[in-house]
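A.B. asks: Let me give you the structure first, and then I'll get to my questions.
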Amino acid sequence: MPHAPGAPGVFHSCALIPIYNHKDTIAGTVQALRAHGLPVLIVDDGSDEATRAVLDGLAAPGVQVLRLARNSGKGRAITTGMLAARDAGYTHALQIDADGQHDLADVPRFLAEGRACPDALVCGQPIYDDSVPRARLYGRYVTHVCVWLETLSFMLRDSMCGYRLYPLEATCAEIDRAPLPARMDFDTEAAVRLIWRGVPVRNLPTRVTYPENGLSHFHMLHDNLRISAMHTRLLLGMLPRAPGLLWRKRKRSLACTA
């Protein structure tokens, strides 16, 4: 991936795809992203031999594959990709899943939001069809309530969607301050900690589908236990930050009424 040093006022984004064994959907995802003119950075999270072979066939100008030696989790793969993207001079990274759930026609909308507000975290706000598993859908509402408490705001409409545009300077600074979770609890904690850091949020409605016979790496028991522990940690972390969060919220309210 060519080095492209950032400069003040410059918006320079790449697409970031963590992948673990999604050999059947990754080629179409990469092709669609390249059609939108985005350089693509794929982080292979210890995939099997068949997936590695597919990724080898995708390597081309504008497409780079980083490999982790063993499966370390979605969060670790994203963190690795973000740090690499920052070091390559990108200002933003559009995180997108490899499993075909996300509507790639919305890529220009995410990029437009990023250009309009380059300091913001642009989060996908899912619009689901009937393919969404009911248990997953209802479980998200528990996390929504926790996040509203952890941030003392309603600014983040959905903290679990893996379709989002990250401002790399603020995100990598937060990673450097304290590592983000390595697995499925990454998306929520990253968003909450960026809000704590003062990063504004833009919510972008986008269609999300669950492909028939799609491959999911979400483990109901282990990942829900991790998410529960994460919310406990974040709720405790909110308490000393509460005065600052409330003051920031009041300033925003006063600015809107001025």
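Identifiers in this document derive from the order of the structure tokens: chains are assigned A, B, ..., residues are numbered from 1 separately in each chain, and ligands are numbered from 1 in order of occurrence.
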Contacts of Pro39 of chain A at 7 Å or less, counting only C-alpha atoms, minus same-chain residues fewer than 3 places along, as a VMD selection string?
C.D. replies: chain A and resid 14 to 15 34 62 to 63
A.B. asks: Please, could you write that set of residues out with N, CA and C atoms as a PDB file, in the first residue's frame?
C.D. replies:
ATOM      1  N   CYS A  14      -9.034   4.676   3.553  1.00  0.00           N
ATOM      2  CA  CYS A  14      -8.944   3.333   2.990  1.00  0.00           C
ATOM      3  C   CYS A  14     -10.084   2.508   3.581  1.00  0.00           C
ATOM      4  N   ALA A  15     -10.350   1.370   2.972  1.00  0.00           N
ATOM      5  CA  ALA A  15     -11.289   0.413   3.534  1.00  0.00           C
ATOM      6  C   ALA A  15     -10.506  -0.617   4.336  1.00  0.00           C
ATOM      7  N   ARG A  34     -13.282  -1.405  -4.421  1.00  0.00           N
ATOM      8  CA  ARG A  34     -12.373  -0.845  -5.427  1.00  0.00           C
ATOM      9  C   ARG A  34     -13.157  -0.051  -6.470  1.00  0.00           C
ATOM     10  N   GLY A  62      -3.557  -1.412  -4.905  1.00  0.00           N
ATOM     11  CA  GLY A  62      -4.745  -0.925  -4.222  1.00  0.00           C
ATOM     12  C   GLY A  62      -5.350  -1.907  -3.248  1.00  0.00           C
ATOM     13  N   VAL A  63      -4.794  -3.117  -3.179  1.00  0.00           N
ATOM     14  CA  VAL A  63      -5.284  -4.130  -2.230  1.00  0.00           C
ATOM     15  C   VAL A  63      -4.080  -4.712  -1.495  1.00  0.00           C
TER      16      VAL A  63
END
A.B. asks: Hey, what's within 8 Å of Tyr166 of chain A if we count only C-alpha atoms and toss same-chain stuff fewer than 5 positions away? As a list in words, please?
C.D. replies: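 Here the qualifying residues turn out to be His92, Ala93, Leu94, Gln95, Ala120, Leu121, Val122 and Thr171 of chain A.
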A.B. asks: What parts of segment 92-124 of chain A does DSSP call helix (DSSP H, G or I)? I'd like the answer as a VMD selection string.
C.D. replies: chain A and resid 104 to 116
A.B. asks: Using the selection just defined, write its residues with N, CA and C atoms as a PDB file, in the first residue's frame.
C.D. replies:
ATOM      1  N   LEU A 104     -22.845  -2.136   0.345  1.00  0.00           N
ATOM      2  CA  LEU A 104     -21.690  -1.415  -0.191  1.00  0.00           C
ATOM      3  C   LEU A 104     -22.090  -0.226  -1.046  1.00  0.00           C
ATOM      4  N   ALA A 105     -23.348  -0.137  -1.428  1.00  0.00           N
ATOM      5  CA  ALA A 105     -23.806   1.050  -2.149  1.00  0.00           C
ATOM      6  C   ALA A 105     -23.757   2.293  -1.275  1.00  0.00           C
ATOM      7  N   ASP A 106     -23.671   2.101   0.052  1.00  0.00           N
ATOM      8  CA  ASP A 106     -23.629   3.238   0.977  1.00  0.00           C
ATOM      9  C   ASP A 106     -22.214   3.760   1.220  1.00  0.00           C
ATOM     10  N   VAL A 107     -21.212   3.144   0.622  1.00  0.00           N
ATOM     11  CA  VAL A 107     -19.834   3.607   0.818  1.00  0.00           C
ATOM     12  C   VAL A 107     -19.693   5.101   0.529  1.00  0.00           C
ATOM     13  N   PRO A 108     -20.210   5.626  -0.602  1.00  0.00           N
ATOM     14  CA  PRO A 108     -20.067   7.072  -0.842  1.00  0.00           C
ATOM     15  C   PRO A 108     -20.721   7.926   0.233  1.00  0.00           C
ATOM     16  N   ARG A 109     -21.799   7.439   0.843  1.00  0.00           N
ATOM     17  CA  ARG A 109     -22.460   8.203   1.904  1.00  0.00           C
ATOM     18  C   ARG A 109     -21.572   8.287   3.149  1.00  0.00           C
ATOM     19  N   PHE A 110     -20.923   7.181   3.514  1.00  0.00           N
ATOM     20  CA  PHE A 110     -20.004   7.210   4.644  1.00  0.00           C
ATOM     21  C   PHE A 110     -18.851   8.179   4.370  1.00  0.00           C
ATOM     22  N   LEU A 111     -18.297   8.115   3.180  1.00  0.00           N
ATOM     23  CA  LEU A 111     -17.163   8.987   2.852  1.00  0.00           C
ATOM     24  C   LEU A 111     -17.586  10.452   2.832  1.00  0.00           C
ATOM     25  N   ALA A 112     -18.783  10.735   2.326  1.00  0.00           N
ATOM     26  CA  ALA A 112     -19.274  12.113   2.307  1.00  0.00           C
ATOM     27  C   ALA A 112     -19.440  12.648   3.722  1.00  0.00           C
ATOM     28  N   GLU A 113     -19.963  11.812   4.646  1.00  0.00           N
ATOM     29  CA  GLU A 113     -20.091  12.238   6.039  1.00  0.00           C
ATOM     30  C   GLU A 113     -18.715  12.509   6.640  1.00  0.00           C
ATOM     31  N   GLY A 114     -17.743  11.661   6.307  1.00  0.00           N
ATOM     32  CA  GLY A 114     -16.401  11.858   6.827  1.00  0.00           C
ATOM     33  C   GLY A 114     -15.761  13.142   6.315  1.00  0.00           C
ATOM     34  N   ARG A 115     -15.970  13.441   5.059  1.00  0.00           N
ATOM     35  CA  ARG A 115     -15.420  14.691   4.517  1.00  0.00           C
ATOM     36  C   ARG A 115     -16.092  15.902   5.149  1.00  0.00           C
ATOM     37  N   ALA A 116     -17.406  15.802   5.390  1.00  0.00           N
ATOM     38  CA  ALA A 116     -18.147  16.926   5.963  1.00  0.00           C
ATOM     39  C   ALA A 116     -17.764  17.166   7.421  1.00  0.00           C
TER      40      ALA A 116
END
A.B. asks: I want to know what sits within 9 Å of Val147 of chain A, based on only C-alpha atoms, with residues of the same chain fewer than 4 positions away left out; could you give that as a VMD selection string?
C.D. replies: chain A and resid 142 to 143 151 to 154 156 158 to 159 188 192 231 234 to 235
A.B. asks: Residues as selected, C-alpha atoms, written as a CSV table (one decimal), in the first residue's frame, can you do that?
C.D. replies:
chain,number,residue,atom,x,y,z
A,142,VAL,CA,-29.7,-4.3,26.1
A,143,THR,CA,-26.4,-3.0,24.8
A,151,THR,CA,-21.9,7.9,27.6
A,152,LEU,CA,-24.8,9.8,29.4
A,153,SER,CA,-26.2,10.6,26.0
A,154,PHE,CA,-28.2,9.2,23.1
A,156,LEU,CA,-24.8,6.8,19.4
A,158,ASP,CA,-26.1,1.6,17.5
A,159,SER,CA,-22.7,0.6,19.0
A,188,THR,CA,-18.9,-1.1,21.4
A,192,VAL,CA,-17.8,4.5,23.9
A,231,HIS,CA,-20.3,-3.1,30.1
A,234,LEU,CA,-17.4,0.9,31.0
A,235,LEU,CA,-20.1,1.7,33.5
A.B. asks: Would you return as a list in words the members of segment 70-215 of chain A that DSSP assigns to strand (DSSP E) on this structure's backbone?
C.D. replies: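 Answer for segment 70-215 of chain A restricted to strand (DSSP E) is His92, Ala93, Leu94, Gln95, Leu121, Val122, Cys123, Gly124, Gln125, Pro126, Ile127, Tyr128, Arg164, Leu165, Tyr166, Pro167, Val201, Arg202, Asn203, Leu204, Pro205, Thr206, Arg207 and Val208 of chain A.
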A.B. asks: Kindly export the residues of the current selection with C-alpha atoms, as a PDB file, in the first residue's frame.
C.D. replies:
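File again-v8.pdb, as written:
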ATOM      1  CA  HIS A  92      -9.687   7.565   7.983  1.00  0.00           C
ATOM      2  CA  ALA A  93     -10.500   3.870   7.803  1.00  0.00           C
ATOM      3  CA  LEU A  94     -13.861   2.540   6.659  1.00  0.00           C
ATOM      4  CA  GLN A  95     -14.391  -0.650   8.654  1.00  0.00           C
ATOM      5  CA  LEU A 121     -16.935   8.752  14.075  1.00  0.00           C
ATOM      6  CA  VAL A 122     -19.476   7.838  11.380  1.00  0.00           C
ATOM      7  CA  CYS A 123     -21.472   4.855  12.644  1.00  0.00           C
ATOM      8  CA  GLY A 124     -23.800   2.681  10.656  1.00  0.00           C
ATOM      9  CA  GLN A 125     -27.321   2.560  12.113  1.00  0.00           C
ATOM     10  CA  PRO A 126     -28.684  -0.789  10.888  1.00  0.00           C
ATOM     11  CA  ILE A 127     -31.955  -1.129   9.042  1.00  0.00           C
ATOM     12  CA  TYR A 128     -32.705  -4.846   9.249  1.00  0.00           C
ATOM     13  CA  ARG A 164     -18.271   2.622  10.361  1.00  0.00           C
ATOM     14  CA  LEU A 165     -15.747   5.264   9.380  1.00  0.00           C
ATOM     15  CA  TYR A 166     -13.048   5.917  11.968  1.00  0.00           C
ATOM     16  CA  PRO A 167     -10.972   9.103  12.257  1.00  0.00           C
ATOM     17  CA  VAL A 201     -20.717  10.933  16.245  1.00  0.00           C
ATOM     18  CA  ARG A 202     -22.666  10.858  12.992  1.00  0.00           C
ATOM     19  CA  ASN A 203     -25.257   8.074  12.656  1.00  0.00           C
ATOM     20  CA  LEU A 204     -25.904   6.834   9.143  1.00  0.00           C
ATOM     21  CA  PRO A 205     -28.908   4.549   8.488  1.00  0.00           C
ATOM     22  CA  THR A 206     -27.845   1.615   6.326  1.00  0.00           C
ATOM     23  CA  ARG A 207     -29.355  -1.720   5.333  1.00  0.00           C
ATOM     24  CA  VAL A 208     -27.900  -4.819   6.989  1.00  0.00           C
TER      25      VAL A 208
END
